[in-house]
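Have a look at upload_25.cif; it's mmCIF, N, CA and C atoms:
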```
data_start
#
loop_
_atom_site.label_atom_id
_atom_site.label_comp_id
_atom_site.auth_asym_id
_atom_site.auth_seq_id
_atom_site.Cartn_x
_atom_site.Cartn_y
_atom_site.Cartn_z
N MET A 1 -8.81 -7.10 -7.38
CA MET A 1 -10.01 -6.30 -7.39
C MET A 1 -10.35 -5.87 -8.81
N TYR A 2 -9.32 -5.48 -9.58
CA TYR A 2 -9.57 -5.03 -10.96
C TYR A 2 -10.24 -6.12 -11.79
N ALA A 3 -9.83 -7.37 -11.59
CA ALA A 3 -10.42 -8.49 -12.33
C ALA A 3 -11.91 -8.62 -11.99
N ARG A 4 -12.29 -8.33 -10.76
CA ARG A 4 -13.71 -8.39 -10.39
C ARG A 4 -14.51 -7.32 -11.12
N TYR A 5 -13.91 -6.15 -11.37
CA TYR A 5 -14.58 -5.11 -12.15
C TYR A 5 -14.78 -5.60 -13.58
N GLU A 6 -13.74 -6.22 -14.14
CA GLU A 6 -13.82 -6.70 -15.52
C GLU A 6 -14.88 -7.78 -15.69
N ARG A 7 -15.03 -8.65 -14.69
CA ARG A 7 -16.02 -9.72 -14.76
C ARG A 7 -17.43 -9.24 -14.44
N GLY A 8 -17.55 -8.04 -13.88
CA GLY A 8 -18.85 -7.52 -13.52
C GLY A 8 -19.30 -7.93 -12.13
N ALA A 9 -18.39 -8.52 -11.35
CA ALA A 9 -18.74 -8.92 -9.99
C ALA A 9 -18.90 -7.71 -9.08
N ASN A 10 -18.13 -6.67 -9.33
CA ASN A 10 -18.21 -5.41 -8.59
C ASN A 10 -18.32 -4.27 -9.59
N GLU A 11 -18.93 -3.17 -9.16
CA GLU A 11 -18.98 -1.98 -10.00
C GLU A 11 -17.77 -1.11 -9.67
N LEU A 12 -17.24 -0.50 -10.71
CA LEU A 12 -16.08 0.38 -10.55
C LEU A 12 -16.55 1.72 -10.00
N PRO A 13 -16.05 2.12 -8.84
CA PRO A 13 -16.41 3.43 -8.30
C PRO A 13 -15.91 4.54 -9.24
N LEU A 14 -16.68 5.60 -9.34
CA LEU A 14 -16.36 6.70 -10.23
C LEU A 14 -14.96 7.26 -9.95
N ARG A 15 -14.60 7.36 -8.71
CA ARG A 15 -13.27 7.92 -8.38
C ARG A 15 -12.15 7.04 -8.93
N HIS A 16 -12.36 5.72 -8.99
CA HIS A 16 -11.35 4.83 -9.57
C HIS A 16 -11.30 4.98 -11.08
N LEU A 17 -12.45 5.18 -11.70
CA LEU A 17 -12.49 5.42 -13.14
C LEU A 17 -11.71 6.68 -13.49
N ILE A 18 -11.92 7.72 -12.74
CA ILE A 18 -11.20 8.99 -12.98
C ILE A 18 -9.69 8.78 -12.80
N THR A 19 -9.32 8.04 -11.77
CA THR A 19 -7.91 7.76 -11.53
C THR A 19 -7.30 6.99 -12.69
N LEU A 20 -8.01 5.98 -13.20
CA LEU A 20 -7.51 5.21 -14.34
C LEU A 20 -7.37 6.09 -15.59
N CYS A 21 -8.34 6.96 -15.82
CA CYS A 21 -8.28 7.87 -16.97
C CYS A 21 -7.06 8.76 -16.90
N ARG A 22 -6.81 9.29 -15.73
CA ARG A 22 -5.64 10.16 -15.55
C ARG A 22 -4.34 9.38 -15.68
N TYR A 23 -4.29 8.20 -15.11
CA TYR A 23 -3.06 7.39 -15.15
C TYR A 23 -2.71 6.99 -16.58
N TYR A 24 -3.71 6.49 -17.33
CA TYR A 24 -3.46 6.04 -18.70
C TYR A 24 -3.62 7.15 -19.73
N ARG A 25 -4.07 8.34 -19.27
CA ARG A 25 -4.25 9.51 -20.13
C ARG A 25 -5.17 9.19 -21.31
N VAL A 26 -6.30 8.57 -21.01
CA VAL A 26 -7.32 8.26 -22.01
C VAL A 26 -8.68 8.68 -21.47
N SER A 27 -9.67 8.71 -22.35
CA SER A 27 -11.01 9.11 -21.94
C SER A 27 -11.74 7.98 -21.24
N ALA A 28 -12.76 8.33 -20.48
CA ALA A 28 -13.60 7.33 -19.83
C ALA A 28 -14.33 6.50 -20.88
N ASP A 29 -14.69 7.11 -22.01
CA ASP A 29 -15.35 6.37 -23.09
C ASP A 29 -14.47 5.22 -23.58
N TYR A 30 -13.19 5.46 -23.66
CA TYR A 30 -12.27 4.41 -24.11
C TYR A 30 -12.19 3.28 -23.09
N ILE A 31 -12.03 3.64 -21.82
CA ILE A 31 -11.92 2.63 -20.77
C ILE A 31 -13.21 1.81 -20.67
N LEU A 32 -14.36 2.48 -20.84
CA LEU A 32 -15.65 1.80 -20.72
C LEU A 32 -16.05 1.04 -21.98
N GLY A 33 -15.27 1.21 -23.04
CA GLY A 33 -15.54 0.46 -24.26
C GLY A 33 -16.55 1.09 -25.19
N PHE A 34 -16.84 2.38 -25.00
CA PHE A 34 -17.78 3.07 -25.87
C PHE A 34 -17.14 3.52 -27.18
N THR A 35 -15.82 3.55 -27.21
CA THR A 35 -15.09 3.92 -28.42
C THR A 35 -13.81 3.09 -28.49
N ASP A 36 -13.36 2.84 -29.71
CA ASP A 36 -12.10 2.13 -29.92
C ASP A 36 -10.96 3.12 -30.15
N GLU A 37 -11.32 4.39 -30.29
CA GLU A 37 -10.33 5.42 -30.58
C GLU A 37 -9.65 5.87 -29.29
N MET A 38 -8.37 5.61 -29.21
CA MET A 38 -7.60 5.96 -28.02
C MET A 38 -6.98 7.33 -28.22
N ARG A 39 -7.66 8.35 -27.75
CA ARG A 39 -7.14 9.71 -27.86
C ARG A 39 -6.52 10.12 -26.54
N PRO A 40 -5.26 10.48 -26.54
CA PRO A 40 -4.63 10.88 -25.28
C PRO A 40 -5.26 12.18 -24.73
N LEU A 41 -5.35 12.26 -23.43
CA LEU A 41 -5.85 13.46 -22.79
C LEU A 41 -4.72 14.47 -22.69
N PRO A 42 -5.06 15.74 -22.64
CA PRO A 42 -4.00 16.77 -22.53
C PRO A 42 -3.26 16.71 -21.21
#
```

Show this structure as structure tokens.
Amino acid sequence: MYARYERGANELPLRHLITLCRYYRVSADYILGFTDEMRPLP
């Protein structure tokens, strides 16, 4: 399923984005590619 999000075949639900941010402790901007700066979340 994750590969389908990367290819653009499916849209990533907001709740999954939040889960990924929390799991990897990074911002949504980083995951979405809006910034290259990987700042850990508190």

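One finds atom CA of A:Ala9 at 17.2 Å from atom CA of A:Ile31.
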
For this session: Please indicate the distance in Å from atom C of A:Ala3 to atom C of A:Arg25, rounded to one decimal place.
Result: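 Separating atom C of A:Ala3 from atom C of A:Arg25 is a distance of 21.2 Å.
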
Problem set entry | Å distance separating atom C of A:Pro40 from atom CA of A:Ser27, one decimal place | 7.1 Å

Which centre and edge lengths in Å to one decimal define the box along x, y and z that fits every listed atom of stretch 7-12 of chain A plus 4 Å per side, as lines of an AutoDock Vina configuration file?
```
center_x = -17.2
center_y = -4.0
center_z = -11.7
size_x = 12.3
size_y = 19.4
size_z = 14.2
```

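Of the residues in chain A, those that DSSP places in helix (DSSP H, G or I) on the basis of the backbone are Tyr2, Ala3, Arg4, Tyr5, Glu6, Arg7, Leu14, Arg15, His16, Leu17, Ile18, Thr19, Leu20, Cys21, Arg22, Tyr23, Tyr24, Ala28, Asp29, Tyr30, Ile31 and Leu32 of chain A.
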